[in-house]
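K.L.:
The following file, final-v9.csv, comprises CSV, C-alpha atoms:
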```
chain,number,residue,atom,x,y,z
A,1203,MET,CA,52.7,-14.9,22.6
A,1204,GLU,CA,50.0,-14.9,25.3
A,1205,GLN,CA,47.1,-12.7,24.5
A,1206,ARG,CA,45.5,-11.1,27.5
A,1207,ILE,CA,41.8,-10.3,27.2
A,1208,MET,CA,40.6,-7.7,29.7
A,1209,THR,CA,37.2,-8.5,31.0
A,1210,SER,CA,35.0,-5.8,32.5
A,1211,PRO,CA,33.4,-6.2,36.0
A,1212,ALA,CA,30.0,-6.2,34.3
A,1213,ALA,CA,31.0,-9.0,31.9
A,1214,LYS,CA,32.4,-11.1,34.8
A,1215,ILE,CA,29.2,-10.6,36.8
A,1216,GLU,CA,27.1,-11.5,33.7
A,1217,GLU,CA,29.1,-14.7,33.5
A,1218,ALA,CA,28.8,-15.5,37.2
A,1219,VAL,CA,25.1,-14.7,37.8
A,1220,THR,CA,22.2,-16.5,36.3
A,1221,PHE,CA,19.4,-14.0,36.0
A,1222,ASN,CA,15.9,-15.5,35.5
A,1223,ASP,CA,13.6,-14.9,32.6
A,1224,GLN,CA,12.5,-11.6,34.2
A,1225,GLY,CA,16.1,-10.5,34.5
A,1226,LEU,CA,16.2,-11.0,38.2
A,1227,VAL,CA,18.3,-12.9,40.8
A,1228,LEU,CA,17.3,-13.8,44.3
A,1229,ALA,CA,19.0,-11.8,47.1
A,1230,ILE,CA,18.9,-12.9,50.7
A,1231,ALA,CA,20.2,-10.5,53.3
A,1232,GLN,CA,21.9,-11.8,56.4
A,1233,GLN,CA,23.3,-9.7,59.3
A,1234,HIS,CA,27.0,-10.4,58.9
A,1235,ASP,CA,28.0,-10.8,62.5
A,1236,SER,CA,24.9,-12.3,64.3
A,1237,GLY,CA,23.8,-14.5,61.3
A,1238,GLU,CA,20.2,-13.3,61.5
A,1239,VAL,CA,18.4,-13.8,58.1
A,1240,LEU,CA,16.8,-10.4,57.6
A,1241,MET,CA,14.8,-10.6,54.4
A,1242,ALA,CA,14.7,-12.0,50.8
A,1243,ALA,CA,14.2,-9.8,47.8
A,1244,TRP,CA,15.3,-9.5,44.1
A,1245,MET,CA,17.9,-7.7,42.1
A,1246,ASN,CA,18.2,-6.9,38.5
A,1247,ARG,CA,21.5,-6.2,36.7
A,1248,GLU,CA,21.3,-2.5,37.6
A,1249,ALA,CA,20.5,-3.0,41.3
A,1250,LEU,CA,23.4,-5.5,41.6
A,1251,ALA,CA,25.9,-3.3,39.9
A,1252,GLU,CA,24.8,-0.3,42.0
A,1253,THR,CA,25.1,-2.4,45.2
A,1254,LEU,CA,28.6,-3.5,44.4
A,1255,GLU,CA,29.7,-0.1,43.3
A,1256,SER,CA,28.1,1.9,46.2
A,1257,GLY,CA,28.4,-0.6,49.0
A,1258,GLN,CA,24.8,0.1,50.0
A,1259,VAL,CA,22.2,-2.5,49.2
A,1260,CYS,CA,19.8,-1.7,46.3
A,1261,TYR,CA,17.1,-4.2,45.3
A,1262,TRP,CA,14.6,-4.3,42.4
A,1263,SER,CA,11.0,-3.8,43.6
A,1264,ARG,CA,8.8,-6.1,41.6
A,1265,SER,CA,5.6,-4.3,42.8
A,1266,ARG,CA,6.9,-0.8,42.0
A,1267,GLN,CA,9.0,-1.9,39.0
A,1268,SER,CA,11.8,0.4,40.1
A,1269,LEU,CA,15.1,0.4,41.9
A,1270,TRP,CA,14.6,0.1,45.6
A,1271,ARG,CA,17.4,1.6,47.6
A,1272,LYS,CA,16.9,-0.1,50.9
A,1273,GLY,CA,16.3,2.5,53.6
A,1274,GLU,CA,15.9,5.4,51.2
A,1275,SER,CA,12.6,6.4,52.8
A,1276,SER,CA,12.9,4.7,56.2
A,1277,GLY,CA,16.6,5.3,57.0
A,1278,GLN,CA,17.0,1.6,57.7
A,1279,THR,CA,19.9,1.0,55.3
A,1280,GLN,CA,21.9,-2.1,54.6
A,1281,LYS,CA,25.7,-1.7,54.2
A,1282,LEU,CA,27.2,-4.5,52.1
A,1283,ILE,CA,29.9,-6.3,53.9
A,1284,GLU,CA,30.3,-9.3,51.5
A,1285,LEU,CA,28.4,-10.6,48.5
A,1286,ARG,CA,28.2,-14.4,48.1
A,1287,ILE,CA,26.8,-16.4,45.3
A,1288,ASP,CA,25.5,-20.0,45.3
A,1289,CYS,CA,26.7,-23.0,43.3
A,1290,ASP,CA,24.3,-22.5,40.4
A,1291,GLY,CA,24.5,-18.7,40.3
A,1292,ASP,CA,20.9,-18.0,40.7
A,1293,SER,CA,20.9,-16.9,44.4
A,1294,LEU,CA,22.9,-14.2,46.2
A,1295,LEU,CA,23.6,-14.0,49.9
A,1296,LEU,CA,24.2,-10.5,51.0
A,1297,ARG,CA,26.2,-10.3,54.2
A,1298,VAL,CA,25.2,-6.9,55.4
A,1299,ASP,CA,25.2,-4.5,58.4
A,1300,GLN,CA,21.6,-3.6,58.9
A,1301,LYS,CA,20.9,-0.2,60.4
A,1302,GLY,CA,17.9,-0.5,62.7
A,1303,VAL,CA,15.2,-2.9,61.4
A,1304,ALA,CA,14.9,-4.7,58.0
A,1305,CYS,CA,11.1,-5.2,58.1
A,1306,HIS,CA,8.5,-2.6,57.3
A,1307,THR,CA,6.5,-3.8,60.3
A,1308,GLY,CA,9.3,-2.4,62.6
A,1309,ARG,CA,10.8,-5.8,63.4
A,1310,ARG,CA,14.4,-6.6,63.0
A,1311,SER,CA,13.8,-9.4,60.4
A,1312,CYS,CA,10.9,-10.1,58.0
A,1313,PHE,CA,11.0,-13.7,59.2
A,1314,TYR,CA,9.3,-12.9,62.5
A,1315,ARG,CA,6.7,-15.7,62.5
A,1316,ALA,CA,6.9,-19.4,62.9
A,1317,ILE,CA,4.4,-21.9,61.4
A,1318,ASP,CA,3.8,-25.2,63.2
A,1319,LYS,CA,2.7,-28.5,61.8
A,1320,GLY,CA,-1.0,-27.6,62.4
A,1321,GLY,CA,-0.6,-24.4,60.3
A,1322,ASP,CA,-0.8,-22.1,63.3
A,1323,MET,CA,1.5,-19.1,63.5
A,1324,LYS,CA,3.4,-17.6,66.4
A,1325,GLU,CA,5.2,-14.3,66.5
A,1326,LEU,CA,8.8,-14.6,67.5
A,1327,LEU,CA,10.1,-11.0,67.2
A,1328,PRO,CA,8.8,-7.8,68.8
A,1329,VAL,CA,8.2,-4.5,67.1
A,1330,VAL,CA,11.2,-2.5,68.0
A,1331,VAL,CA,10.5,0.6,65.9
A,1332,ASP,CA,7.0,2.1,65.4
A,1333,PRO,CA,6.3,1.7,61.6
A,1334,LYS,CA,4.7,5.2,61.7
A,1335,ALA,CA,8.1,6.5,62.8
A,1336,LEU,CA,9.7,4.8,59.8
A,1337,TYR,CA,7.2,5.9,57.1
A,1338,GLY,CA,5.0,8.5,58.7
A,1339,ARG,CA,7.1,11.5,57.7
B,866,MET,CA,-24.1,-18.5,70.5
B,867,GLU,CA,-20.6,-18.5,69.2
B,868,GLN,CA,-20.1,-20.6,66.2
B,869,ARG,CA,-16.7,-22.3,65.9
B,870,ILE,CA,-15.3,-23.0,62.6
B,871,MET,CA,-12.6,-25.7,62.4
B,872,THR,CA,-9.9,-24.8,60.0
B,873,SER,CA,-7.7,-27.6,58.6
B,874,PRO,CA,-3.9,-27.2,58.7
B,875,ALA,CA,-3.9,-27.1,54.9
B,876,ALA,CA,-6.4,-24.3,54.9
B,877,LYS,CA,-4.3,-22.3,57.4
B,878,ILE,CA,-1.2,-22.8,55.4
B,879,GLU,CA,-3.0,-21.7,52.3
B,880,GLU,CA,-4.0,-18.6,54.0
B,881,ALA,CA,-0.5,-17.8,55.4
B,882,VAL,CA,1.6,-18.6,52.3
B,883,THR,CA,1.6,-16.7,49.1
B,884,PHE,CA,2.5,-19.2,46.3
B,885,ASN,CA,3.7,-17.6,43.1
B,886,ASP,CA,2.0,-18.1,39.7
B,887,GLN,CA,3.9,-21.4,39.3
B,888,GLY,CA,2.5,-22.5,42.7
B,889,LEU,CA,5.9,-22.2,44.4
B,890,VAL,CA,7.2,-20.4,47.5
B,891,LEU,CA,10.9,-19.6,48.1
B,892,ALA,CA,12.6,-21.7,50.9
B,893,ILE,CA,15.9,-20.7,52.5
B,894,ALA,CA,17.6,-23.2,54.6
B,895,GLN,CA,19.7,-22.1,57.6
B,896,GLN,CA,21.5,-24.2,60.1
B,897,HIS,CA,19.6,-23.6,63.3
B,898,ASP,CA,22.4,-23.3,65.7
B,899,SER,CA,25.4,-21.8,63.8
B,900,GLY,CA,23.3,-19.5,61.6
B,901,GLU,CA,25.0,-20.6,58.3
B,902,VAL,CA,22.7,-20.0,55.3
B,903,LEU,CA,23.0,-23.3,53.5
B,904,MET,CA,20.9,-23.1,50.3
B,905,ALA,CA,17.9,-21.5,48.6
B,906,ALA,CA,15.3,-23.6,46.8
B,907,TRP,CA,11.5,-23.8,46.2
B,908,MET,CA,8.6,-25.7,47.6
B,909,ASN,CA,5.1,-26.3,46.2
B,910,ARG,CA,2.1,-27.1,48.4
B,911,GLU,CA,2.9,-30.8,48.5
B,912,ALA,CA,6.5,-30.3,49.4
B,913,LEU,CA,5.6,-27.9,52.2
B,914,ALA,CA,2.9,-30.2,53.6
B,915,GLU,CA,5.3,-33.1,53.5
B,916,THR,CA,8.0,-31.1,55.2
B,917,LEU,CA,5.7,-30.0,58.0
B,918,GLU,CA,4.3,-33.5,58.4
B,919,SER,CA,7.5,-35.6,58.3
B,920,GLY,CA,9.9,-33.1,59.8
B,921,GLN,CA,12.4,-33.8,57.0
B,922,VAL,CA,12.8,-31.1,54.4
B,923,CYS,CA,11.4,-31.8,51.0
B,924,TYR,CA,11.7,-29.2,48.1
B,925,TRP,CA,10.2,-29.0,44.7
B,926,SER,CA,12.8,-29.5,41.9
B,927,ARG,CA,12.0,-27.1,39.1
B,928,SER,CA,14.5,-28.8,36.8
B,929,ARG,CA,13.2,-32.3,37.4
B,930,GLN,CA,9.6,-31.1,38.0
B,931,SER,CA,9.3,-33.5,41.0
B,932,LEU,CA,9.4,-33.6,44.7
B,933,TRP,CA,13.0,-33.4,46.0
B,934,ARG,CA,13.4,-35.1,49.3
B,935,LYS,CA,16.7,-33.5,50.3
B,936,GLY,CA,19.3,-36.1,51.0
B,937,GLU,CA,17.3,-38.9,49.5
B,938,SER,CA,20.2,-40.0,47.2
B,939,SER,CA,23.2,-38.3,49.0
B,940,GLY,CA,22.2,-39.0,52.6
B,941,GLN,CA,22.7,-35.4,53.4
B,942,THR,CA,19.3,-34.8,54.9
B,943,GLN,CA,17.8,-31.7,56.6
B,944,LYS,CA,15.8,-32.1,59.7
B,945,LEU,CA,13.3,-29.3,60.2
B,946,ILE,CA,13.7,-27.5,63.5
B,947,GLU,CA,11.5,-24.6,62.9
B,948,LEU,CA,9.7,-23.1,59.9
B,949,ARG,CA,9.5,-19.3,59.7
B,950,ILE,CA,7.6,-17.2,57.2
B,951,ASP,CA,8.2,-13.6,56.2
B,952,CYS,CA,6.0,-10.5,56.4
B,953,ASP,CA,4.4,-10.9,53.0
B,954,GLY,CA,4.2,-14.7,53.1
B,955,ASP,CA,6.2,-15.4,49.9
B,956,SER,CA,9.4,-16.6,51.5
B,957,LEU,CA,10.1,-19.3,54.0
B,958,LEU,CA,13.1,-19.7,56.3
B,959,LEU,CA,13.7,-23.3,57.3
B,960,ARG,CA,15.7,-23.6,60.5
B,961,VAL,CA,17.2,-27.0,60.0
B,962,ASP,CA,19.8,-29.4,61.3
B,963,GLN,CA,21.9,-30.3,58.2
B,964,LYS,CA,23.5,-33.7,58.1
B,965,GLY,CA,26.9,-33.4,56.5
B,966,VAL,CA,26.9,-30.9,53.6
B,967,ALA,CA,24.1,-29.0,51.9
B,968,CYS,CA,25.9,-28.4,48.5
B,969,HIS,CA,26.2,-31.0,45.7
B,970,THR,CA,29.8,-29.9,45.3
B,971,GLY,CA,30.6,-31.4,48.8
B,972,ARG,CA,30.7,-28.0,50.6
B,973,ARG,CA,28.8,-27.3,53.7
B,974,SER,CA,26.8,-24.4,52.1
B,975,CYS,CA,25.9,-23.6,48.4
B,976,PHE,CA,27.0,-20.0,49.1
B,977,TYR,CA,30.7,-20.8,49.1
B,978,ARG,CA,31.9,-18.1,46.8
B,979,ALA,CA,32.2,-14.3,47.2
B,980,ILE,CA,32.1,-11.8,44.4
B,981,ASP,CA,33.9,-8.5,44.8
B,982,LYS,CA,33.3,-5.1,43.2
B,983,GLY,CA,35.4,-6.0,40.2
B,984,GLY,CA,33.4,-9.1,39.5
B,985,ASP,CA,36.1,-11.5,40.7
B,986,MET,CA,35.1,-14.6,42.7
B,987,LYS,CA,36.9,-16.1,45.6
B,988,GLU,CA,36.2,-19.5,47.2
B,989,LEU,CA,35.5,-19.3,50.9
B,990,LEU,CA,34.5,-22.9,51.8
B,991,PRO,CA,36.5,-26.1,51.3
B,992,VAL,CA,35.1,-29.3,49.8
B,993,VAL,CA,34.6,-31.5,52.9
B,994,VAL,CA,33.0,-34.5,51.2
B,995,ASP,CA,34.0,-35.9,47.8
B,996,PRO,CA,31.0,-35.4,45.5
B,997,LYS,CA,31.7,-38.8,44.1
B,998,ALA,CA,31.1,-40.3,47.5
B,999,LEU,CA,27.8,-38.5,47.6
B,1000,TYR,CA,26.4,-39.5,44.2
B,1001,GLY,CA,28.8,-42.1,42.9
B,1002,ARG,CA,26.9,-45.0,44.3
```
Once you've parsed the file, please lay out its structure as structure tokens.
P.N.:
Amino acid sequence: MEQRIMTSPAAKIEEAVTFNDQGLVLAIAQQHDSGEVLMAAWMNREALAETLESGQVCYWSRSRQSLWRKGESSGQTQKLIELRIDCDGDSLLLRVDQKGVACHTGRRSCFYRAIDKGGDMKELLPVVVDPKALYGR
Amino acid sequence: MEQRIMTSPAAKIEEAVTFNDQGLVLAIAQQHDSGEVLMAAWMNREALAETLESGQVCYWSRSRQSLWRKGESSGQTQKLIELRIDCDGDSLLLRVDQKGVACHTGRRSCFYRAIDKGGDMKELLPVVVDPKALYGR
């Protein structure tokens, strides 16, 4: 008789995702409809589980060593539309709906500068929200 | 009298990019026109310099510990259209023109699977090139 083994969501995620030696996996956020790449950050197991459970993106802040509920202080939240994983399981692509701006500088995306062959940088995206309005409360 | 200091491209890049303690910076490749996120990999100083110089994307392979000229064996090269850098300088966004497929599985993008809340995976992208045709030579 066939034996059915029930596997928990946490166990399935553990099998699918390759966390690095710091227990982290790369997470790239992309606006789901426009295709804009908004930012890159990291998740630990807890941040990933919370993101899937709540539908609101939560990262792991390496500098603060704590969960980073995106938009918690700025209001610029990311609603998870779809979570994708790459072929070797060590990078996630978060298809999100970004409220307002992703970047702490007040720009839509953190990738707002281009570097040319000569090493010179050019700003591509304008500041659309005053950073003071995001964090000055 | 104003003194002009000439700064080399390498010095400017060193100032702009924050390499991690392994001397690497994250590089995310995105198809420049469609917006598809194709893959995520790493670059060291040499790979980044070569990419900017040649206009063809070259990564650093952590598993092989060597330069990884994307498409060198498979023919699936990435032409650099524009290189962007994020606000804290530790992630690059490569806007590329991907020839064929980015993924070694023969799919257009490495992010070809979605994970749902229950931890179950679903394949989103078809195999468009037989991997044997890419590497079986």
K.L.:
Provide as a count of residues only the residues of chain B at most 8 Å from chain A, counting only C-alpha atoms.
P.N.:
35
K.L.:
Find the spatial neighbours of segment 1222-1224 of chain A, counting all atoms listed in the file, within a cut-off of 9 Å - ignore same-chain residues fewer than 2 positions away - and output them as a ChimeraX atom specification.
P.N.:
/A:1220,1226-1227,1246,1292
K.L.:
List every protein, DNA or RNA residue that has at least one atom no more than 10 Å from (36.6, -26.9, 54.9) in the file's coordinates, counting only C-alpha atoms, and write the result as number ranges by chain.
P.N.:
B: 971-973, 989-994
K.L.:
Near Glu937 of chain B, within 12 Å and counting all atoms listed in the file, which residues show up once chain neighbours fewer than 2 positions away are dropped, as an NGL selection string?
P.N.:
:B and (921-924 or 932-935 or 939-943 or 964 or 999-1000)
K.L.:
So which one's closest to Asp1299 of chain A, A:Lys1281, A:Arg1266, A:Lys1334, A:Arg1247? Using all atoms listed in the file, please.
P.N.:
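The closest residue to Asp1299 of chain A is A:Lys1281.
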K.L.:
Could you check how far atom CA of Trp1262 of chain A sits from atom CA of Ala1335 of chain A, in Å to one decimal?
P.N.:
24.0 Å
K.L.:
Provide the atom CA of Ala1231 of chain A to atom CA of Glu911 of chain B distance in Å, to one decimal place.
P.N.:
27.1 Å
K.L.:
Just the number, please: distance in Å from atom CA of Gly965 of chain B to atom CA of Gln1233 of chain A, one decimal.
P.N.:
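These atoms are spaced 24.1 Å apart.
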K.L.:
Which is closer to Gln930 of chain B than all the others in B:Val961, B:Met908, B:Ala967, B:Val882, using all atoms listed in the file?
P.N.:
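Using all atoms listed in the file, the shortest distance to Gln930 of chain B belongs to B:Met908.
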K.L.:
Got a minute to add N, CA and C atoms to segment 1264-1275 of chain A and dump it as a JSON list (two decimals), in the coordinates of the input?
P.N.:
```
[["chain", "number", "residue", "atom", "x", "y", "z"],
["A", 1264, "ARG", "N", 9.66, -5.50, 42.59],
["A", 1264, "ARG", "CA", 8.80, -6.10, 41.60],
["A", 1264, "ARG", "C", 7.42, -5.37, 41.57],
["A", 1265, "SER", "N", 6.95, -4.96, 42.74],
["A", 1265, "SER", "CA", 5.60, -4.30, 42.80],
["A", 1265, "SER", "C", 5.66, -2.90, 42.22],
["A", 1266, "ARG", "N", 6.76, -2.19, 42.48],
["A", 1266, "ARG", "CA", 6.90, -0.80, 42.00],
["A", 1266, "ARG", "C", 7.57, -0.76, 40.61],
["A", 1267, "GLN", "N", 8.20, -1.89, 40.22],
["A", 1267, "GLN", "CA", 9.00, -1.90, 39.00],
["A", 1267, "GLN", "C", 10.02, -0.80, 38.94],
["A", 1268, "SER", "N", 10.77, -0.68, 40.02],
["A", 1268, "SER", "CA", 11.80, 0.40, 40.10],
["A", 1268, "SER", "C", 12.90, -0.06, 41.03],
["A", 1269, "LEU", "N", 14.05, 0.61, 40.95],
["A", 1269, "LEU", "CA", 15.10, 0.40, 41.90],
["A", 1269, "LEU", "C", 14.63, 0.70, 43.29],
["A", 1270, "TRP", "N", 15.07, -0.10, 44.24],
["A", 1270, "TRP", "CA", 14.60, 0.10, 45.60],
["A", 1270, "TRP", "C", 15.87, 0.17, 46.48],
["A", 1271, "ARG", "N", 16.26, 1.42, 46.72],
["A", 1271, "ARG", "CA", 17.40, 1.60, 47.60],
["A", 1271, "ARG", "C", 17.02, 1.45, 49.01],
["A", 1272, "LYS", "N", 17.37, 0.30, 49.53],
["A", 1272, "LYS", "CA", 16.90, -0.10, 50.90],
["A", 1272, "LYS", "C", 17.19, 0.99, 51.89],
["A", 1273, "GLY", "N", 16.15, 1.44, 52.58],
["A", 1273, "GLY", "CA", 16.30, 2.50, 53.60],
["A", 1273, "GLY", "C", 16.22, 3.87, 53.11],
["A", 1274, "GLU", "N", 15.97, 4.03, 51.82],
["A", 1274, "GLU", "CA", 15.90, 5.40, 51.20],
["A", 1274, "GLU", "C", 14.86, 6.24, 51.92],
["A", 1275, "SER", "N", 13.68, 5.62, 52.17],
["A", 1275, "SER", "CA", 12.60, 6.40, 52.80],
["A", 1275, "SER", "C", 12.61, 6.19, 54.35]]
```
